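Enquirer: Provided below: work-v3.tsv, containing TSV, C-alpha atoms.
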chain	number	residue	atom	x	y	z
A	20	MET	CA	137.93	95.63	64.06
A	21	ASN	CA	136.70	92.96	66.50
A	22	ASP	CA	136.82	89.48	64.88
A	23	ASN	CA	133.75	88.39	66.81
A	24	TYR	CA	131.51	90.54	64.61
A	25	PRO	CA	131.00	90.60	60.85
A	26	ASP	CA	132.65	93.48	59.08
A	27	ILE	CA	130.57	96.53	58.33
A	28	PRO	CA	130.59	97.04	54.57
A	29	ASN	CA	132.54	100.12	53.57
A	30	GLU	CA	132.26	100.14	49.82
A	31	PRO	CA	131.65	103.62	48.43
A	32	ASP	CA	127.95	104.22	47.93
A	33	SER	CA	125.83	107.32	47.54
A	34	ARG	CA	123.60	106.07	50.30
A	35	GLY	CA	126.51	105.80	52.75
A	36	SER	CA	127.82	102.98	54.92
A	37	ASP	CA	128.95	104.72	58.12
A	38	VAL	CA	127.12	103.82	61.34
A	39	LEU	CA	126.05	106.62	63.66
A	40	LEU	CA	125.07	105.99	67.28
A	41	ILE	CA	122.85	108.72	68.72
A	42	HIS	CA	122.61	109.18	72.47
A	43	GLU	CA	120.90	111.47	74.98
A	44	GLY	CA	121.81	111.94	78.65
A	45	THR	CA	122.91	109.11	80.95
A	46	ARG	CA	122.97	105.44	79.96
A	47	SER	CA	121.88	102.33	81.84
A	48	ALA	CA	124.32	99.53	82.67
A	49	CYS	CA	123.00	97.39	79.78
A	50	SER	CA	123.15	100.34	77.43
A	51	GLU	CA	126.72	101.15	78.50
A	52	MET	CA	127.81	97.59	77.72
A	53	ALA	CA	126.20	97.78	74.28
A	54	TRP	CA	127.96	101.08	73.59
A	55	ARG	CA	131.36	99.61	74.44
A	56	HIS	CA	130.82	96.72	72.01
A	57	LEU	CA	129.68	99.09	69.29
A	58	GLU	CA	132.75	101.26	69.81
A	59	GLU	CA	134.93	98.14	69.49
A	60	MET	CA	133.26	97.58	66.13
A	61	GLY	CA	134.28	101.08	65.02
A	62	VAL	CA	130.81	102.62	65.28
A	63	GLU	CA	130.96	106.40	65.60
A	64	CYS	CA	129.00	108.05	68.40
A	65	GLY	CA	127.21	111.34	67.91
A	66	SER	CA	124.78	113.59	69.72
A	67	CYS	CA	121.16	114.29	68.90
A	68	GLU	CA	122.21	117.73	67.66
A	69	GLN	CA	124.46	116.13	65.01
A	70	LEU	CA	121.72	113.88	63.67
A	71	GLU	CA	120.32	116.09	60.93
A	72	SER	CA	123.67	117.21	59.47
A	73	ARG	CA	125.10	113.68	59.44
A	74	ILE	CA	122.07	112.27	57.64
A	75	ILE	CA	121.84	115.02	55.06
A	76	ASP	CA	125.50	114.64	53.99
A	77	GLY	CA	124.67	111.09	52.84
A	78	GLY	CA	127.59	109.37	54.53
A	79	THR	CA	125.53	107.52	57.11
A	80	GLY	CA	124.22	104.04	56.26
A	81	LEU	CA	122.71	103.14	59.65
A	82	VAL	CA	121.54	105.10	62.69
A	83	ILE	CA	121.44	103.40	66.10
A	84	ILE	CA	119.22	105.13	68.63
A	85	ASP	CA	119.68	104.62	72.35
A	86	CYS	CA	116.00	104.63	73.30
A	87	SER	CA	115.03	107.76	75.23
A	88	SER	CA	112.24	110.28	75.47
A	89	ARG	CA	113.45	111.71	72.12
A	90	ALA	CA	113.75	108.39	70.29
A	91	VAL	CA	110.36	108.54	68.55
A	92	ALA	CA	110.89	112.17	67.49
A	93	ASP	CA	114.40	111.35	66.21
A	94	THR	CA	113.03	108.41	64.20
A	95	ASP	CA	110.39	110.68	62.66
A	96	ARG	CA	113.12	113.17	61.67
A	97	ILE	CA	115.19	110.41	60.07
A	98	ARG	CA	112.20	109.16	58.10
A	99	THR	CA	111.52	112.69	56.87
A	100	LEU	CA	115.13	113.34	55.84
A	101	ARG	CA	115.96	109.88	54.40
A	102	PRO	CA	113.00	107.48	54.31
A	103	GLY	CA	115.06	104.41	53.40
A	104	LEU	CA	117.77	104.81	56.03
A	105	PRO	CA	117.79	101.85	58.48
A	106	VAL	CA	117.27	102.68	62.16
A	107	LEU	CA	118.15	100.30	64.99
A	108	ALA	CA	116.65	101.05	68.43
A	109	LEU	CA	118.32	99.84	71.64
A	110	VAL	CA	115.49	99.02	74.02
A	111	ASP	CA	115.50	98.03	77.71
A	112	GLU	CA	112.70	97.17	80.13
A	113	SER	CA	112.15	100.79	81.11
A	114	SER	CA	111.39	101.75	77.51
A	115	MET	CA	109.15	98.79	76.59
A	116	GLU	CA	106.04	101.00	76.71
A	117	SER	CA	107.42	103.14	73.86
A	118	LEU	CA	108.24	100.11	71.68
A	119	GLN	CA	104.98	100.29	69.74
A	120	ASP	CA	105.48	104.01	69.14
A	121	LEU	CA	108.99	103.33	67.85
A	122	LEU	CA	107.76	100.66	65.45
A	123	ALA	CA	104.97	102.95	64.30
A	124	ALA	CA	107.52	105.73	63.73
A	125	GLY	CA	109.44	103.40	61.41
A	126	VAL	CA	112.43	101.86	63.19
A	127	THR	CA	113.86	99.06	61.08
A	128	ASP	CA	114.96	96.77	63.90
A	129	VAL	CA	115.05	96.53	67.67
A	130	HIS	CA	117.75	95.13	69.94
A	131	PHE	CA	116.66	94.23	73.48
A	132	LEU	CA	119.56	95.17	75.75
A	133	GLU	CA	118.66	92.51	78.31
A	134	SER	CA	119.30	89.79	75.69
A	135	GLY	CA	123.02	90.65	75.69
A	136	VAL	CA	125.41	92.00	73.09
A	137	GLU	CA	126.30	88.75	71.34
A	138	THR	CA	123.80	89.33	68.53
A	139	LEU	CA	124.23	93.10	68.35
A	140	GLY	CA	127.18	92.97	65.94
A	141	ARG	CA	125.37	90.63	63.55
A	142	ARG	CA	122.31	92.88	63.76
A	143	VAL	CA	124.37	95.94	62.78
A	144	GLY	CA	126.12	94.07	59.94
A	145	SER	CA	122.79	92.81	58.65
A	146	LEU	CA	121.26	96.27	58.61
A	147	VAL	CA	124.24	97.87	56.88
A	148	GLY	CA	124.20	95.00	54.40
A	149	SER	CA	120.53	95.69	53.70
A	150	VAL	CA	121.46	99.17	52.53
A	151	HIS	CA	123.55	97.54	49.78
A	152	GLY	CA	120.81	95.08	48.84
A	153	THR	CA	122.14	92.07	50.81
A	154	ASP	CA	120.74	89.86	53.55
A	155	ARG	CA	117.10	90.61	52.69
A	156	ASP	CA	115.88	87.22	53.95
A	157	SER	CA	117.56	87.86	57.28
A	158	MET	CA	115.79	91.21	57.55
A	159	VAL	CA	112.41	89.64	56.84
A	160	GLU	CA	113.03	86.95	59.44
A	161	ARG	CA	114.13	89.60	61.95
A	162	SER	CA	110.97	91.61	61.30
A	163	LEU	CA	108.89	88.53	61.99
A	164	GLU	CA	110.91	87.93	65.16
A	165	ILE	CA	110.18	91.47	66.35
A	166	LEU	CA	106.47	91.02	65.66
A	167	ARG	CA	106.40	87.75	67.59
A	168	GLY	CA	108.22	89.39	70.48
A	169	LEU	CA	105.85	92.35	70.38
A	170	CYS	CA	102.81	90.05	70.43
A	171	SER	CA	104.25	88.22	73.43
A	172	THR	CA	104.97	91.53	75.15
A	173	ASN	CA	101.47	92.80	74.42
A	174	SER	CA	99.97	89.61	75.82
A	175	ALA	CA	102.02	89.94	79.01
A	176	LEU	CA	101.12	93.62	79.33
A	177	SER	CA	97.42	92.86	78.79
A	178	GLU	CA	97.50	90.22	81.51
A	179	ARG	CA	99.27	92.63	83.85
A	180	VAL	CA	96.75	95.38	83.11
A	181	THR	CA	93.90	92.94	83.84
A	182	ASP	CA	95.56	91.96	87.12
A	183	LEU	CA	96.08	95.61	88.06
A	184	GLU	CA	92.45	96.44	87.27
A	185	SER	CA	91.32	93.58	89.48
A	186	GLU	CA	93.66	94.66	92.29
A	187	LEU	CA	92.48	98.28	91.96
A	188	ALA	CA	88.82	97.24	92.16
A	189	GLU	CA	89.59	95.18	95.26
A	190	VAL	CA	91.45	98.08	96.89
A	191	GLU	CA	88.61	100.49	96.09
A	192	SER	CA	86.12	98.05	97.61
A	193	ASP	CA	88.29	97.66	100.74
A	194	VAL	CA	88.64	101.43	101.12
A	195	ALA	CA	84.89	101.94	100.72
A	196	SER	CA	84.24	99.23	103.32
A	197	GLN	CA	86.73	100.76	105.76
A	198	VAL	CA	85.18	104.22	105.31
A	199	GLU	CA	81.72	102.76	105.98
A	200	ILE	CA	82.94	100.96	109.11
A	201	ALA	CA	84.67	104.12	110.37
A	202	THR	CA	81.44	106.07	109.86
A	203	VAL	CA	79.43	103.41	111.70
A	204	VAL	CA	81.84	103.33	114.65
A	205	SER	CA	81.87	107.12	114.88
A	206	SER	CA	78.07	107.28	114.95
A	207	PHE	CA	77.85	104.45	117.50
A	208	LYS	CA	80.41	106.06	119.79
A	209	ALA	CA	78.55	109.37	119.65
A	210	LEU	CA	75.31	107.67	120.73
A	211	LEU	CA	76.87	105.57	123.49
A	212	SER	CA	78.83	108.50	124.93
A	213	GLN	CA	75.52	110.09	125.92
A	214	GLU	CA	74.68	107.09	128.11
A	215	LEU	CA	76.39	106.66	131.47
A	216	GLY	CA	74.03	104.00	132.79
A	217	VAL	CA	74.24	100.33	131.84
A	218	GLU	CA	70.55	100.11	130.98
A	219	GLY	CA	70.77	103.09	128.62
A	220	VAL	CA	73.90	101.71	126.96
A	221	LEU	CA	72.30	98.30	126.36
A	222	GLN	CA	69.12	99.82	124.94
A	223	THR	CA	71.05	102.16	122.63
A	224	ALA	CA	73.35	99.35	121.53
A	225	LEU	CA	70.50	97.01	120.60
A	226	GLU	CA	68.66	99.75	118.72
A	227	PHE	CA	71.80	100.56	116.75
A	228	ILE	CA	72.69	96.92	116.01
A	229	LEU	CA	69.16	96.07	114.88
A	230	GLY	CA	69.21	99.15	112.68
A	231	ARG	CA	72.09	97.50	110.79
A	232	THR	CA	70.81	93.90	110.80
A	233	GLY	CA	67.11	94.44	110.24
A	234	PRO	CA	64.43	92.45	112.15
A	235	THR	CA	66.30	90.08	114.47
A	236	ASN	CA	65.96	88.53	117.91
A	237	ALA	CA	68.73	89.93	120.09
A	238	ALA	CA	69.96	89.37	123.64
A	239	ILE	CA	72.81	90.97	125.62
A	240	PHE	CA	74.33	89.06	128.53
A	241	LEU	CA	76.46	90.87	131.12
A	242	ALA	CA	79.37	89.11	132.80
A	243	ASP	CA	78.99	88.40	136.53
A	244	SER	CA	82.21	86.37	136.54
A	245	GLU	CA	84.39	84.57	134.04
A	246	THR	CA	81.92	81.68	133.76
A	247	SER	CA	78.61	83.23	134.81
A	248	TYR	CA	76.46	85.74	132.95
A	249	SER	CA	73.07	87.35	133.44
A	250	LEU	CA	70.57	88.60	130.87
A	251	GLY	CA	70.85	92.38	130.49
A	252	ALA	CA	68.40	93.03	127.64
A	253	TYR	CA	66.32	91.12	125.11
A	254	VAL	CA	64.51	92.21	121.93
A	255	ASN	CA	61.86	89.95	120.43
A	256	CYS	CA	61.39	89.77	116.68
A	257	ASP	CA	59.57	86.46	116.20
A	258	CYS	CA	60.48	84.65	119.42
A	259	PRO	CA	58.56	85.90	122.48
A	260	ARG	CA	60.45	86.19	125.76
A	261	GLU	CA	58.41	83.44	127.42
A	262	LYS	CA	59.34	81.05	124.63
A	263	ALA	CA	62.98	82.14	124.61
A	264	ASP	CA	63.52	82.08	128.40
A	265	PRO	CA	64.69	78.42	128.63
A	266	VAL	CA	67.48	78.85	126.05
A	267	LEU	CA	68.40	82.30	127.41
A	268	CYS	CA	68.88	80.78	130.86
A	269	LYS	CA	71.00	78.04	129.31
A	270	PHE	CA	73.12	80.70	127.60
A	271	THR	CA	73.88	82.42	130.92
A	272	THR	CA	75.40	79.31	132.50
A	273	ASP	CA	76.68	77.11	129.70
A	274	VAL	CA	77.23	79.08	126.50
A	275	CYS	CA	78.33	82.69	127.05
A	276	HIS	CA	81.71	81.94	128.62
A	277	HIS	CA	82.57	79.57	125.73
A	278	VAL	CA	81.76	82.28	123.19
A	279	ALA	CA	83.72	84.86	125.21
A	280	ALA	CA	86.95	82.84	125.37
A	281	PRO	CA	88.15	83.25	121.75
A	282	ASP	CA	87.16	86.97	121.72
A	283	ASP	CA	86.10	86.67	118.10
A	284	LEU	CA	82.86	87.05	116.19
A	285	VAL	CA	81.16	83.63	116.02
A	286	ARG	CA	78.70	82.36	113.44
A	287	PHE	CA	77.16	78.98	114.32
A	288	GLU	CA	76.84	77.46	110.84
A	289	ASP	CA	76.10	73.88	112.01
A	290	ILE	CA	72.99	74.70	114.01
A	291	ASP	CA	72.14	71.01	114.61
A	292	SER	CA	75.46	70.45	116.39
A	293	PHE	CA	74.94	73.66	118.32
A	294	ILE	CA	71.52	72.53	119.55
A	295	GLN	CA	72.90	69.12	120.49
A	296	ALA	CA	75.67	70.78	122.52
A	297	VAL	CA	73.36	73.26	124.29
A	298	GLY	CA	70.52	70.86	124.99
A	299	PRO	CA	66.79	70.54	124.27
A	300	GLU	CA	66.23	74.13	125.46
A	301	ALA	CA	67.81	75.29	122.19
A	302	GLU	CA	65.26	73.53	119.98
A	303	ILE	CA	63.59	76.88	119.27
A	304	LEU	CA	66.76	77.83	117.38
A	305	ARG	CA	66.37	75.04	114.83
A	306	SER	CA	66.20	76.44	111.30
A	307	SER	CA	67.79	79.63	112.61
A	308	GLU	CA	71.05	81.48	112.04
A	309	VAL	CA	72.88	82.39	115.26
A	310	ILE	CA	75.70	84.91	115.76
A	311	GLY	CA	77.66	85.42	119.00
A	312	MET	CA	79.48	88.70	119.69
A	313	PRO	CA	81.86	88.77	122.70
A	314	CYS	CA	82.56	92.32	123.88
A	315	SER	CA	85.98	92.43	125.57
A	316	SER	CA	88.14	95.23	126.94
A	317	ASP	CA	91.75	94.72	128.09
A	318	GLY	CA	91.34	90.96	127.88
A	319	GLU	CA	88.16	90.88	130.01
A	320	CYS	CA	84.82	89.95	128.47
A	321	LEU	CA	82.18	92.35	129.80
A	322	ALA	CA	79.23	91.19	127.69
A	323	VAL	CA	78.12	88.75	125.01
A	324	VAL	CA	75.53	89.65	122.36
A	325	PHE	CA	73.51	86.95	120.60
A	326	LEU	CA	71.59	87.56	117.37
A	327	PHE	CA	69.31	84.93	115.86
A	328	ARG	CA	66.64	84.78	113.16
A	329	SER	CA	65.25	82.40	110.53
A	330	GLU	CA	67.76	80.85	108.15
A	331	SER	CA	65.45	81.94	105.32
A	332	ASP	CA	66.73	85.47	106.02
A	333	PRO	CA	70.48	84.88	106.48
A	334	PHE	CA	72.87	87.51	107.81
A	335	PRO	CA	74.86	89.01	104.87
A	336	GLU	CA	78.63	88.50	104.80
A	337	GLN	CA	79.33	92.26	104.65
A	338	LEU	CA	77.66	92.62	108.06
A	339	ALA	CA	80.53	90.80	109.80
A	340	PRO	CA	83.13	93.64	109.82
A	341	VAL	CA	80.47	96.10	111.00
A	342	LEU	CA	79.45	93.88	113.92
A	343	ASP	CA	83.10	93.26	114.71
A	344	ALA	CA	83.70	97.01	115.05
A	345	VAL	CA	80.48	97.60	116.99
A	346	ARG	CA	81.27	94.97	119.64
A	347	VAL	CA	84.63	96.61	120.37
A	348	THR	CA	82.98	100.02	120.80
A	349	LEU	CA	80.30	98.58	123.09
A	350	ALA	CA	82.98	96.93	125.25
A	351	GLU	CA	84.85	100.23	125.56
A	352	GLN	CA	81.74	102.06	126.78
A	353	LEU	CA	80.87	99.32	129.28
A	354	ALA	CA	84.45	99.44	130.59
A	355	THR	CA	84.12	103.22	131.03
A	356	ILE	CA	80.92	102.81	133.05
A	357	VAL	CA	82.46	100.10	135.22
A	358	SER	CA	85.48	102.32	135.87
A	359	ILE	CA	83.29	105.28	136.86
A	360	HIS	CA	81.23	103.13	139.24
A	361	HIS	CA	84.39	101.74	140.85
A	362	ARG	CA	85.73	105.23	141.43
A	363	ILE	CA	82.46	106.33	143.01
A	364	GLU	CA	82.42	103.29	145.31
A	365	ASP	CA	86.02	103.94	146.33
A	366	HIS	CA	85.59	107.63	147.12
A	367	TRP	CA	81.95	108.18	148.16
A	368	PRO	CA	81.48	107.73	151.96
A	369	ASP	CA	78.97	105.17	153.15
A	370	GLU	CA	77.94	107.31	156.18
A	371	PRO	CA	78.60	110.94	157.15
A	372	THR	CA	81.48	111.41	159.57
A	373	ASP	CA	82.34	114.32	161.80
A	374	GLU	CA	85.22	115.22	159.50
A	375	ALA	CA	83.10	114.96	156.38
A	376	SER	CA	79.89	116.61	157.58
A	377	ASP	CA	81.24	120.11	157.02
A	378	TRP	CA	82.11	119.43	153.32
A	379	GLY	CA	84.52	122.35	153.54
A	380	PHE	CA	81.94	125.12	153.79
A	381	GLY	CA	82.12	125.71	157.57
A	382	THR	CA	79.16	126.09	159.96
A	383	GLY	CA	78.58	129.74	159.33
A	384	GLY	CA	79.75	130.63	162.84
A	385	ASN	CA	82.76	132.53	161.55
A	386	LYS	CA	82.52	135.58	159.41
A	387	ALA	CA	84.84	136.22	156.60
A	388	ALA	CA	87.51	138.72	157.39
Could you spell out this file's structure in structure tokens?
Expert:
Amino acid sequence: MNDNYPDIPNEPDSRGSDVLLIHEGTRSACSEMAWRHLEEMGVECGSCEQLESRIIDGGTGLVIIDCSSRAVADTDRIRTLRPGLPVLALVDESSMESLQDLLAAGVTDVHFLESGVETLGRRVGSLVGSVHGTDRDSMVERSLEILRGLCSTNSALSERVTDLESELAEVESDVASQVEIATVVSSFKALLSQELGVEGVLQTALEFILGRTGPTNAAIFLADSETSYSLGAYVNCDCPREKADPVLCKFTTDVCHHVAAPDDLVRFEDIDSFIQAVGPEAEILRSSEVIGMPCSSDGECLAVVFLFRSESDPFPEQLAPVLDAVRVTLAEQLATIVSIHHRIEDHWPDEPTDEASDWGFGTGGNKAA
């Protein structure tokens, strides 16, 4: 017998004083350590199949269950065969979810394997002593300790469930948003792919963008160089072209290339500072919300889109990822058109030459053999 643990009572008694340790399958590292200490104490190990016969013969005073998928069922069997027989469950983190079921099934005490084996011997001695009518106060205190631990565990589990629910809702929202954006991009690409002229692309792009934003003033500026832009298209909502012309001209020379440089969606929240930076031509934008959308491909900005309307009808936050995806698609289509035009310019002859005038069909002077 190990001197570090209290002796297990072995007086003859009809209710028994032997300790039986029931196991099933493989054991965890913590469980293995607990088993070794119990064996040092002289506890006998048995299988689940031996449980019923050992309990019925009356020689067993305590059953220790290594928590497993069968632990609750085994506890129920013990309670049916001998209702007053103490049952100690060895529980680790992986079996915490079944703790309530074990307590409901009627286990007398619980030993948390992660807490170490120092108290395990005293726990076993206390439970065996309870069979002989001793250490009742200790058992009551232990029951209260289990309840406090269970309440703490339940509180932690509830907090974790709340966190998981919040994370799940956020993931579902993100997935729904990504699906919507993917659908928008697919539709936009399908429309733009039918247009091989710049004018048609700009018109289709503005119609599509305004279909997402609602009534808005919109202008698309095409890049002539890194610092110079020209107006490609304009749609008037509540700001006629004649009224907007001064600020649109200012955009072409002084604003577009600044918006293009970061290659990021821009929302001008401090409109007063924006007007001061642009100049008096931008006074028509006072009390307005303004968004800039650079459209870049392979590091080159091909166009900049500006959207503006009254601040009484602000652009919703969920519009930002949609516009961000749309501007990339528009840039890709503009790059395709530019590439096609460059190839035509490189390969189409300016004037017919003697070598090219035939075009490979011959003059008709020779007959086919």
Enquirer: Go through A:Asp120, A:Ala188, A:Thr246, A:Asp76 and flag the residue nearest Ala92 of chain A, using only C-alpha atoms for the distances.
Expert: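 Closest to Ala92 of chain A, using only C-alpha atoms: A:Asp120.
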Enquirer: Near segment 286-295 of chain A, within 9 Å and counting only C-alpha atoms, which residues show up once chain neighbours fewer than 5 positions away are dropped, as a PyMOL selection string?
Expert: chain A and resi 300-302+304-312
Enquirer: Name the closest residue to Arg142 of chain A among the candidates A:Ala339, A:Val198, A:Ala123, A:Leu109; distances are taken between atoms, counting all atoms listed in the file.
Expert: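 Once distances to Arg142 of chain A are computed over all atoms listed in the file, the minimum belongs to A:Leu109.
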Enquirer: If I take atom CA of His277 of chain A and atom CA of Pro234 of chain A, how far is one from the other in Å, to one decimal?
Expert: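 We find that atom CA of His277 of chain A and atom CA of Pro234 of chain A lie 26.1 Å from each other.
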Enquirer: Leaving out Leu229 of chain A and any residue of its chain fewer than 3 positions from it, which residues lie within 12 Å of it when counting only C-alpha atoms, given as a list in words?
Expert: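 Surrounding residues, per the criterion: Gln222, Thr223, Ala224, Leu225, Glu226, Thr232, Gly233, Pro234, Thr235, Asn236, Ala237, Ala238, Tyr253, Val254, Asn255, Cys256, Val324, Phe325, Leu326, Phe327, Arg328, Phe334, Leu338, Val341, Leu342 and Val345 of chain A.
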Enquirer: Please, what distance in Å, to one decimal, runs between atom CA of Val91 of chain A and atom CA of Ala124 of chain A?
Expert: 6.3 Å
Enquirer: Env of segment 126-130 of chain A: 7 Å cut, atoms = only C-alpha atoms, seq-sep filter 3 positions within chain, self excluded. Answer as a PyMOL selection string.
Expert: chain A and resi 94+105-110+121-122+139
Enquirer: Please report the interatomic distance between atom CA of Asp95 of chain A and atom CA of Phe131 of chain A in Å with one decimal.
Expert: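 Straight-line distance from atom CA of Asp95 of chain A to atom CA of Phe131 of chain A works out to 20.7 Å.
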Enquirer: Would you please work out which residue, of A:Val38, A:Cys268, A:Leu118, A:Ala350, is nearest to Thr79 of chain A when using only C-alpha atoms?
Expert: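 Smallest distance to Thr79 of chain A is found for A:Val38.
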Enquirer: Would you mind telling me which residue in A:Val194, A:His56, A:Glu261, A:Ala280 lies nearest to Arg141 of chain A when using only C-alpha atoms?
Expert: A:His56
Enquirer: So, with all atoms listed in the file as the atoms that count, which of A:Met60, A:Val278, A:Ala242, A:Ala344 lies closest to Glu199 of chain A?
Expert: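 Distance minimum relative to Glu199 of chain A lands on A:Ala344.
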Enquirer: For a quick check of understanding, using only C-alpha atoms, which of A:Leu132, A:Ile84, A:Ile356, A:Leu183 has the smallest distance to Glu218 of chain A?
Expert: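 With only C-alpha atoms as the atom set, the closest residue is A:Ile356.
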